[in-house]
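Chemist: My file is target_29.cif. It has mmCIF, C-alpha atoms:
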data_target
loop_
_atom_site.group_PDB
_atom_site.id
_atom_site.type_symbol
_atom_site.label_atom_id
_atom_site.label_comp_id
_atom_site.auth_asym_id
_atom_site.auth_seq_id
_atom_site.Cartn_x
_atom_site.Cartn_y
_atom_site.Cartn_z
ATOM 1 C CA MET A 1 -33.240 4.706 -14.806
ATOM 2 C CA ALA A 2 -33.856 2.273 -11.928
ATOM 3 C CA ARG A 3 -35.828 -0.019 -14.207
ATOM 4 C CA PHE A 4 -33.104 0.145 -16.858
ATOM 5 C CA LEU A 5 -30.465 -0.798 -14.279
ATOM 6 C CA LYS A 6 -32.587 -3.687 -13.073
ATOM 7 C CA TYR A 7 -32.947 -4.974 -16.609
ATOM 8 C CA SER A 8 -29.210 -4.530 -17.253
ATOM 9 C CA GLN A 9 -28.386 -6.590 -14.161
ATOM 10 C CA GLN A 10 -30.583 -9.375 -15.500
ATOM 11 C CA LEU A 11 -28.789 -9.213 -18.842
ATOM 12 C CA GLU A 12 -25.577 -9.821 -16.938
ATOM 13 C CA GLY A 13 -26.881 -13.096 -15.564
ATOM 14 C CA GLU A 14 -29.345 -12.395 -12.748
ATOM 15 C CA LEU A 15 -32.467 -14.152 -14.012
ATOM 16 C CA PRO A 16 -35.856 -12.791 -12.932
ATOM 17 C CA MET A 17 -37.172 -14.794 -9.987
ATOM 18 C CA ALA A 18 -40.600 -15.480 -11.435
ATOM 19 C CA ILE A 19 -39.117 -17.128 -14.493
ATOM 20 C CA GLY A 20 -36.034 -18.640 -12.930
ATOM 21 C CA ASN A 21 -38.021 -20.540 -10.279
ATOM 22 C CA GLN A 22 -40.742 -21.771 -12.586
ATOM 23 C CA GLN A 23 -40.592 -24.075 -15.539
ATOM 24 C CA THR A 24 -42.676 -21.857 -17.826
ATOM 25 C CA THR A 25 -44.386 -18.488 -17.506
ATOM 26 C CA SER A 26 -47.273 -18.029 -19.948
ATOM 27 C CA ILE A 27 -49.021 -14.768 -20.817
ATOM 28 C CA CYS A 28 -51.964 -14.265 -23.167
ATOM 29 C CA LEU A 29 -52.475 -10.857 -24.797
ATOM 30 C CA ILE A 30 -56.146 -10.389 -25.496
ATOM 31 C CA ASN A 31 -58.658 -7.717 -26.456
ATOM 32 C CA GLN A 32 -61.644 -7.938 -28.741
ATOM 33 C CA LYS A 33 -60.649 -4.759 -30.565
ATOM 34 C CA GLY A 34 -58.256 -4.750 -33.492
ATOM 35 C CA GLY A 35 -55.389 -2.278 -33.701
ATOM 36 C CA CYS A 36 -54.802 -2.076 -29.964
ATOM 37 C CA GLY A 37 -51.203 -3.299 -30.163
ATOM 38 C CA LYS A 38 -51.515 -6.983 -29.219
ATOM 39 C CA SER A 39 -49.291 -8.343 -31.985
ATOM 40 C CA SER A 40 -46.641 -5.623 -31.844
ATOM 41 C CA THR A 41 -46.470 -5.858 -28.044
ATOM 42 C CA CYS A 42 -46.062 -9.645 -28.290
ATOM 43 C CA PHE A 43 -43.358 -9.235 -30.916
ATOM 44 C CA HIS A 44 -41.276 -6.728 -28.980
ATOM 45 C CA LEU A 45 -41.868 -8.381 -25.601
ATOM 46 C CA ALA A 46 -40.484 -11.618 -27.030
ATOM 47 C CA GLY A 47 -37.302 -9.783 -27.965
ATOM 48 C CA ALA A 48 -36.928 -8.264 -24.508
ATOM 49 C CA PHE A 49 -37.369 -11.628 -22.800
ATOM 50 C CA ALA A 50 -34.973 -13.290 -25.255
ATOM 51 C CA ALA A 51 -32.379 -10.607 -24.499
ATOM 52 C CA LEU A 52 -32.531 -11.792 -20.882
ATOM 53 C CA GLY A 53 -31.495 -15.250 -22.037
ATOM 54 C CA GLN A 54 -35.024 -16.637 -21.827
ATOM 55 C CA ARG A 55 -36.274 -19.182 -24.348
ATOM 56 C CA VAL A 56 -39.478 -17.726 -25.762
ATOM 57 C CA LEU A 57 -42.307 -19.408 -27.650
ATOM 58 C CA LEU A 58 -44.727 -17.129 -29.497
ATOM 59 C CA VAL A 59 -48.061 -18.827 -30.112
ATOM 60 C CA ASP A 60 -49.762 -17.127 -33.034
ATOM 61 C CA ALA A 61 -53.411 -17.773 -32.210
ATOM 62 C CA ASP A 62 -54.687 -15.196 -34.704
ATOM 63 C CA PRO A 63 -55.837 -16.342 -38.180
ATOM 64 C CA GLN A 64 -54.392 -13.071 -39.520
ATOM 65 C CA GLY A 65 -50.953 -14.510 -38.728
ATOM 66 C CA SER A 66 -49.356 -11.156 -37.902
ATOM 67 C CA ILE A 67 -46.713 -12.585 -35.567
ATOM 68 C CA SER A 68 -45.843 -15.312 -38.065
ATOM 69 C CA GLN A 69 -45.509 -12.809 -40.895
ATOM 70 C CA ALA A 70 -43.346 -10.551 -38.727
ATOM 71 C CA PHE A 71 -40.714 -13.281 -38.551
ATOM 72 C CA PHE A 72 -41.138 -15.288 -41.753
ATOM 73 C CA GLY A 73 -42.687 -12.840 -44.232
ATOM 74 C CA SER A 74 -46.236 -12.697 -45.564
ATOM 75 C CA ASP A 75 -45.656 -14.784 -48.707
ATOM 76 C CA ALA A 76 -44.110 -17.697 -46.821
ATOM 77 C CA VAL A 77 -46.804 -17.670 -44.131
ATOM 78 C CA GLU A 78 -49.722 -17.445 -46.539
ATOM 79 C CA GLN A 79 -48.418 -20.476 -48.429
ATOM 80 C CA MET A 80 -48.110 -22.703 -45.350
ATOM 81 C CA PRO A 81 -50.511 -25.658 -45.492
ATOM 82 C CA ALA A 82 -52.796 -26.227 -42.514
ATOM 83 C CA TRP A 83 -50.689 -29.117 -41.221
ATOM 84 C CA GLU A 84 -47.723 -26.786 -40.738
ATOM 85 C CA THR A 85 -49.666 -24.274 -38.632
ATOM 86 C CA LEU A 86 -51.616 -24.013 -35.395
ATOM 87 C CA ALA A 87 -54.709 -25.151 -37.323
ATOM 88 C CA ALA A 88 -53.328 -28.710 -37.197
ATOM 89 C CA LEU A 89 -54.129 -28.851 -33.469
ATOM 90 C CA PHE A 90 -57.838 -28.373 -34.242
ATOM 91 C CA ASP A 91 -58.111 -30.297 -37.519
ATOM 92 C CA ASP A 92 -58.909 -34.012 -37.257
ATOM 93 C CA ARG A 93 -57.433 -34.473 -40.734
ATOM 94 C CA CYS A 94 -54.022 -33.618 -39.261
ATOM 95 C CA ASN A 95 -54.036 -36.149 -36.430
ATOM 96 C CA HIS A 96 -51.066 -37.953 -37.983
ATOM 97 C CA ILE A 97 -48.864 -34.861 -37.663
ATOM 98 C CA ASP A 98 -46.237 -34.651 -34.928
ATOM 99 C CA PRO A 99 -47.487 -31.506 -33.158
ATOM 100 C CA TYR A 100 -44.019 -30.510 -31.993
ATOM 101 C CA SER A 101 -42.873 -30.252 -35.587
ATOM 102 C CA LEU A 102 -45.135 -27.192 -35.846
ATOM 103 C CA ILE A 103 -42.780 -25.057 -33.750
ATOM 104 C CA ARG A 104 -40.334 -23.101 -35.893
ATOM 105 C CA GLU A 105 -37.148 -21.428 -34.843
ATOM 106 C CA THR A 106 -36.699 -17.853 -36.011
ATOM 107 C CA HIS A 107 -33.666 -15.830 -37.041
ATOM 108 C CA VAL A 108 -33.706 -14.222 -33.585
ATOM 109 C CA ASP A 109 -31.823 -16.257 -30.980
ATOM 110 C CA GLY A 110 -34.111 -17.558 -28.262
ATOM 111 C CA ILE A 111 -37.413 -16.998 -30.085
ATOM 112 C CA SER A 112 -39.539 -19.725 -31.673
ATOM 113 C CA VAL A 113 -42.997 -19.420 -33.225
ATOM 114 C CA LEU A 114 -46.014 -21.685 -33.507
ATOM 115 C CA PRO A 115 -47.311 -20.100 -36.729
ATOM 116 C CA ALA A 116 -50.816 -19.434 -37.980
ATOM 117 C CA ASN A 117 -52.500 -18.242 -41.147
ATOM 118 C CA GLN A 118 -55.936 -18.166 -42.757
ATOM 119 C CA HIS A 119 -56.408 -21.922 -42.218
ATOM 120 C CA LEU A 120 -57.053 -21.216 -38.541
ATOM 121 C CA ALA A 121 -60.128 -19.081 -39.290
ATOM 122 C CA GLU A 122 -62.220 -22.196 -39.949
ATOM 123 C CA PHE A 123 -61.837 -23.237 -36.318
ATOM 124 C CA ASN A 124 -62.183 -19.829 -34.666
ATOM 125 C CA SER A 125 -65.879 -20.254 -33.986
ATOM 126 C CA PRO A 126 -68.078 -18.258 -31.591
ATOM 127 C CA CYS A 127 -69.556 -19.899 -28.480
ATOM 128 C CA PRO A 128 -66.238 -21.606 -27.681
ATOM 129 C CA GLU A 129 -67.651 -23.125 -24.474
ATOM 130 C CA ARG A 130 -69.504 -25.570 -26.715
ATOM 131 C CA GLY A 131 -66.283 -26.758 -28.329
ATOM 132 C CA GLY A 132 -65.905 -29.933 -26.288
ATOM 133 C CA VAL A 133 -62.362 -31.295 -26.194
ATOM 134 C CA MET A 134 -61.333 -28.652 -28.760
ATOM 135 C CA GLN A 135 -61.242 -26.167 -25.887
ATOM 136 C CA TYR A 136 -58.121 -27.891 -24.566
ATOM 137 C CA ALA A 137 -56.161 -28.155 -27.832
ATOM 138 C CA LEU A 138 -53.554 -25.551 -26.908
ATOM 139 C CA ARG A 139 -53.332 -26.581 -23.270
ATOM 140 C CA ASP A 140 -52.750 -30.236 -24.156
ATOM 141 C CA PHE A 141 -50.141 -29.224 -26.712
ATOM 142 C CA LEU A 142 -48.187 -27.000 -24.322
ATOM 143 C CA GLU A 143 -48.369 -28.979 -21.072
ATOM 144 C CA PRO A 144 -45.586 -31.471 -21.931
ATOM 145 C CA LEU A 145 -43.245 -28.758 -23.262
ATOM 146 C CA SER A 146 -40.284 -28.018 -21.022
ATOM 147 C CA SER A 147 -37.932 -26.285 -23.439
ATOM 148 C CA PHE A 148 -39.354 -22.765 -23.067
ATOM 149 C CA ASP A 149 -39.154 -20.272 -20.215
ATOM 150 C CA VAL A 150 -41.800 -17.881 -21.542
ATOM 151 C CA VAL A 151 -44.855 -18.511 -23.739
ATOM 152 C CA LEU A 152 -46.661 -15.506 -25.228
ATOM 153 C CA PHE A 153 -50.045 -15.904 -26.950
ATOM 154 C CA ASP A 154 -51.131 -13.400 -29.598
ATOM 155 C CA CYS A 155 -54.915 -13.590 -29.900
ATOM 156 C CA PRO A 156 -57.359 -12.393 -32.574
ATOM 157 C CA PRO A 157 -59.562 -9.320 -32.045
ATOM 158 C CA ASN A 158 -62.498 -11.358 -30.730
ATOM 159 C CA LEU A 159 -63.365 -13.714 -27.876
ATOM 160 C CA TYR A 160 -63.964 -16.798 -30.010
ATOM 161 C CA GLN A 161 -62.375 -20.246 -29.903
ATOM 162 C CA CYS A 162 -58.752 -19.154 -30.449
ATOM 163 C CA SER A 163 -58.811 -16.598 -27.628
ATOM 164 C CA TRP A 164 -60.709 -19.039 -25.429
ATOM 165 C CA ASN A 165 -58.136 -21.768 -26.082
ATOM 166 C CA ALA A 166 -55.332 -19.382 -25.178
ATOM 167 C CA MET A 167 -57.014 -18.471 -21.885
ATOM 168 C CA ILE A 168 -57.489 -22.136 -21.007
ATOM 169 C CA ALA A 169 -53.782 -22.746 -21.713
ATOM 170 C CA THR A 170 -52.194 -19.725 -20.007
ATOM 171 C CA GLN A 171 -51.503 -18.438 -16.504
ATOM 172 C CA TYR A 172 -51.890 -14.701 -17.040
ATOM 173 C CA VAL A 173 -53.940 -12.373 -19.200
ATOM 174 C CA LEU A 174 -52.566 -9.006 -20.310
ATOM 175 C CA ILE A 175 -55.085 -6.653 -21.911
ATOM 176 C CA PRO A 176 -53.594 -4.007 -24.255
ATOM 177 C CA ILE A 177 -55.757 -0.882 -24.467
ATOM 178 C CA PRO A 178 -55.131 2.278 -26.535
ATOM 179 C CA PRO A 179 -56.254 5.418 -24.663
ATOM 180 C CA GLU A 180 -59.232 6.253 -26.840
ATOM 181 C CA ASP A 181 -62.961 5.643 -26.902
ATOM 182 C CA PHE A 182 -63.021 2.691 -29.303
ATOM 183 C CA GLY A 183 -60.063 1.082 -27.579
ATOM 184 C CA THR A 184 -61.734 1.096 -24.170
ATOM 185 C CA GLN A 185 -65.060 -0.291 -25.343
ATOM 186 C CA GLY A 186 -65.727 -3.920 -24.560
ATOM 187 C CA ILE A 187 -63.373 -4.202 -21.579
ATOM 188 C CA PRO A 188 -66.142 -5.623 -19.332
ATOM 189 C CA ALA A 189 -66.717 -8.358 -21.916
ATOM 190 C CA VAL A 190 -63.027 -9.296 -21.765
ATOM 191 C CA HIS A 191 -63.172 -9.414 -17.968
ATOM 192 C CA GLN A 192 -66.240 -11.639 -18.145
ATOM 193 C CA ALA A 193 -64.497 -13.953 -20.606
ATOM 194 C CA VAL A 194 -61.579 -14.300 -18.178
ATOM 195 C CA THR A 195 -64.017 -15.104 -15.368
ATOM 196 C CA ASN A 196 -65.725 -17.723 -17.535
ATOM 197 C CA ALA A 197 -62.402 -19.268 -18.569
ATOM 198 C CA ARG A 198 -61.453 -19.711 -14.906
ATOM 199 C CA ILE A 199 -64.089 -22.428 -14.684
ATOM 200 C CA LEU A 200 -61.846 -24.600 -16.851
ATOM 201 C CA ASN A 201 -58.551 -22.961 -15.833
ATOM 202 C CA PRO A 202 -58.772 -21.983 -12.135
ATOM 203 C CA SER A 203 -55.169 -20.721 -12.102
ATOM 204 C CA LEU A 204 -55.898 -18.035 -14.731
ATOM 205 C CA ARG A 205 -55.225 -14.502 -13.471
ATOM 206 C CA ARG A 206 -55.439 -10.991 -14.920
ATOM 207 C CA LEU A 207 -51.969 -9.517 -15.075
ATOM 208 C CA GLY A 208 -53.468 -6.132 -15.847
ATOM 209 C CA HIS A 209 -54.349 -3.540 -18.467
ATOM 210 C CA LEU A 210 -51.504 -2.222 -20.597
ATOM 211 C CA ILE A 211 -51.972 1.220 -22.135
ATOM 212 C CA THR A 212 -50.575 1.101 -25.667
ATOM 213 C CA ARG A 213 -50.121 3.515 -28.570
ATOM 214 C CA SER A 214 -50.076 6.418 -26.155
ATOM 215 C CA ASP A 215 -49.193 9.954 -27.183
ATOM 216 C CA ARG A 216 -48.846 12.080 -24.072
ATOM 217 C CA ARG A 217 -48.945 15.243 -26.170
ATOM 218 C CA MET A 218 -52.628 14.582 -26.887
ATOM 219 C CA LEU A 219 -55.016 15.782 -24.196
ATOM 220 C CA VAL A 220 -57.572 13.112 -25.135
ATOM 221 C CA HIS A 221 -54.989 10.379 -24.484
ATOM 222 C CA GLN A 222 -54.167 11.890 -21.104
ATOM 223 C CA GLU A 223 -57.852 12.016 -20.208
ATOM 224 C CA TYR A 224 -58.539 8.425 -21.227
ATOM 225 C CA GLU A 225 -55.491 7.165 -19.359
ATOM 226 C CA SER A 226 -56.628 9.034 -16.256
ATOM 227 C CA ARG A 227 -60.118 7.577 -16.628
ATOM 228 C CA LEU A 228 -58.758 4.037 -16.993
ATOM 229 C CA ARG A 229 -56.646 4.428 -13.874
ATOM 230 C CA ASP A 230 -59.623 5.792 -11.938
ATOM 231 C CA LEU A 231 -61.799 2.882 -13.051
ATOM 232 C CA TYR A 232 -59.352 -0.009 -12.660
ATOM 233 C CA GLY A 233 -56.762 1.286 -10.195
ATOM 234 C CA GLU A 234 -53.770 -0.987 -9.698
ATOM 235 C CA LEU A 235 -54.987 -3.311 -12.437
ATOM 236 C CA VAL A 236 -53.594 -0.751 -14.917
ATOM 237 C CA LEU A 237 -49.850 -1.214 -15.367
ATOM 238 C CA ASN A 238 -47.651 1.763 -14.537
ATOM 239 C CA THR A 239 -45.718 1.257 -17.767
ATOM 240 C CA THR A 240 -47.288 2.655 -20.923
ATOM 241 C CA ILE A 241 -46.258 1.855 -24.479
ATOM 242 C CA PRO A 242 -45.927 5.034 -26.543
ATOM 243 C CA GLU A 243 -46.299 5.575 -30.259
ATOM 244 C CA ARG A 244 -42.695 5.477 -31.467
ATOM 245 C CA SER A 245 -41.358 5.064 -34.974
ATOM 246 C CA ALA A 246 -38.655 2.727 -33.646
ATOM 247 C CA PHE A 247 -41.303 0.053 -33.038
ATOM 248 C CA LYS A 248 -42.488 0.215 -36.640
ATOM 249 C CA VAL A 249 -39.016 0.413 -38.170
ATOM 250 C CA ALA A 250 -37.842 -2.587 -36.146
ATOM 251 C CA LEU A 251 -40.914 -4.556 -37.174
ATOM 252 C CA ALA A 252 -40.312 -3.706 -40.830
ATOM 253 C CA CYS A 253 -36.794 -5.101 -40.402
ATOM 254 C CA ARG A 254 -38.220 -8.254 -38.747
ATOM 255 C CA GLN A 255 -36.323 -7.553 -35.555
ATOM 256 C CA PRO A 256 -37.760 -6.858 -32.096
ATOM 257 C CA VAL A 257 -36.869 -3.327 -31.070
ATOM 258 C CA GLN A 258 -34.586 -4.668 -28.330
ATOM 259 C CA MET A 259 -32.369 -6.157 -31.036
ATOM 260 C CA HIS A 260 -32.804 -3.474 -33.675
ATOM 261 C CA ALA A 261 -32.568 -0.251 -31.644
ATOM 262 C CA VAL A 262 -31.505 -1.113 -28.109
ATOM 263 C CA LYS A 263 -30.832 2.534 -27.146
ATOM 264 C CA SER A 264 -34.193 3.841 -28.347
ATOM 265 C CA MET A 265 -36.991 5.043 -26.095
ATOM 266 C CA ALA A 266 -39.143 2.224 -27.523
ATOM 267 C CA ALA A 267 -36.640 -0.403 -26.372
ATOM 268 C CA ALA A 268 -36.302 1.240 -22.956
ATOM 269 C CA ARG A 269 -40.061 1.267 -22.468
ATOM 270 C CA THR A 270 -40.269 -2.407 -23.464
ATOM 271 C CA ARG A 271 -37.616 -3.217 -20.867
ATOM 272 C CA GLU A 272 -39.672 -1.348 -18.274
ATOM 273 C CA LEU A 273 -42.671 -3.441 -19.257
ATOM 274 C CA VAL A 274 -40.726 -6.675 -18.760
ATOM 275 C CA ASP A 275 -39.585 -5.481 -15.334
ATOM 276 C CA GLU A 276 -43.127 -4.644 -14.283
ATOM 277 C CA ILE A 277 -44.525 -7.935 -15.589
ATOM 278 C CA ILE A 278 -41.891 -9.870 -13.628
ATOM 279 C CA GLU A 279 -42.561 -7.799 -10.519
ATOM 280 C CA ARG A 280 -46.320 -8.358 -10.737
ATOM 281 C CA ILE A 281 -45.897 -12.106 -11.200
ATOM 282 C CA ASN A 282 -43.516 -12.291 -8.235
ATOM 283 C CA ASN A 283 -45.918 -10.314 -6.046
ATOM 284 C CA ARG A 284 -48.759 -12.644 -6.940
ATOM 285 C CA LYS A 285 -46.614 -15.639 -6.024
ATOM 286 C CA LEU A 286 -45.594 -14.121 -2.709
ATOM 287 C CA HIS A 287 -49.211 -13.341 -1.816
ATOM 288 C CA LYS A 288 -50.244 -16.870 -2.760
ATOM 289 C CA GLU A 289 -47.484 -18.405 -0.646
ATOM 290 C CA ALA A 290 -48.341 -16.147 2.296
ATOM 291 C CA ALA A 291 -51.983 -17.194 2.098
#
Spit out the file's structure as structure tokens when you get a sec.

Modeler:
Amino acid sequence: MARFLKYSQQLEGELPMAIGNQQTTSICLINQKGGCGKSSTCFHLAGAFAALGQRVLLVDADPQGSISQAFFGSDAVEQMPAWETLAALFDDRCNHIDPYSLIRETHVDGISVLPANQHLAEFNSPCPERGGVMQYALRDFLEPLSSFDVVLFDCPPNLYQCSWNAMIATQYVLIPIPPEDFGTQGIPAVHQAVTNARILNPSLRRLGHLITRSDRRMLVHQEYESRLRDLYGELVLNTTIPERSAFKVALACRQPVQMHAVKSMAAARTRELVDEIIERINNRKLHKEAA
């Protein structure tokens, strides 16, 4: 209830300090496993931030284009030419394109999308550290932007060029993890990728691990969550994202759950997540200033 009241106060005009005192807050959602909830978390988080009056840019850095399809529909996204998608930032044949024309407004107030589709796959190569200036494509695109309060990156289920670009361009990394064996595999590789990316982006920080798709009725989920918290301590967010039909129904209606079912448990849990993200960012800033 305390978290809900905090979020309600912000809806009434009290902007979160971390966002209100900073031009842009950027968060990259990354994990090299598919199906861990990266895209759906990005989608619903965008709605929760937008409900606070924040201007949100969703960067679809996944060639599968899930975020783009969630807002514009699969047929429209699949038919987009490369020069209308994120691929244009990597493709020398598109150097005549105004990059800012790539950003599309959505039907949800406060949310815009930099879309992607299969054209991006050509550029999502392994060994991204060998990509030369391509490593900075997203960073160089976003640096001059001042019209957004929050930028969320949805990354593909690998640590190739698209994920690498997002880490070079962002401030924080959030790692969604379902509480099961396959979901927790490969976490050390993600941590190592973050460490490597800090060479080019020294301000990059891990925001934490977010437990997603949790069903507390299942003993195995309880055990894996307990194990994650034992292993990573405070790096695991207190908020967990449960399996709830409201998330899926809202997505099917192309509406973040905050807009589609504001009184649902799914919407309440997303609001809690926003509160905790803001709190963690503020604490990091305070510690940095104190140092």

Chemist: Check the smallest atom-to-atom distance from each of A:Ile67, A:Ala250, A:Ala166, A:Ala51 to Phe153 of chain A using all atoms listed in the file, then report the winner.

Modeler: A:Ala166

Chemist: So that I can check the surroundings of Asn95 of chain A, please list as a ChimeraX atom specification every protein, DNA and RNA residue that reaches within 12 Å of it, counting all atoms listed in the file and ignoring chain neighbours fewer than 5 positions away.

Modeler: /A:82-83,87-90,137

Chemist: Within 7 Å of segment 154-159 of chain A, counting only C-alpha atoms, which residues qualify if same-chain residues fewer than 5 places away don't, as a PyMOL selection string?

Modeler: chain A and resi 28-34+38-39+42+59-62+164

Chemist: For the provided coordinates, the residues matched by the PyMOL selection byres ((chain A and resi 221) around 12) should be stated as a ChimeraX atom specification.

Modeler: /A:177-181,183-184,211-220,222-228,240,242-243

Chemist: Which residues, named as in the file, does the PyMOL selection byres ((chain A and resi 105-114) around 7) pick out? Answer as a PyMOL selection string.

Modeler: chain A and resi 46+50+54-60+68+71+85-86+102-104+115-116

Chemist: Quick one, how far is atom CA of Pro202 of chain A from atom CA of Gln171 of chain A?

Modeler: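 It comes out at 9.2 Å.
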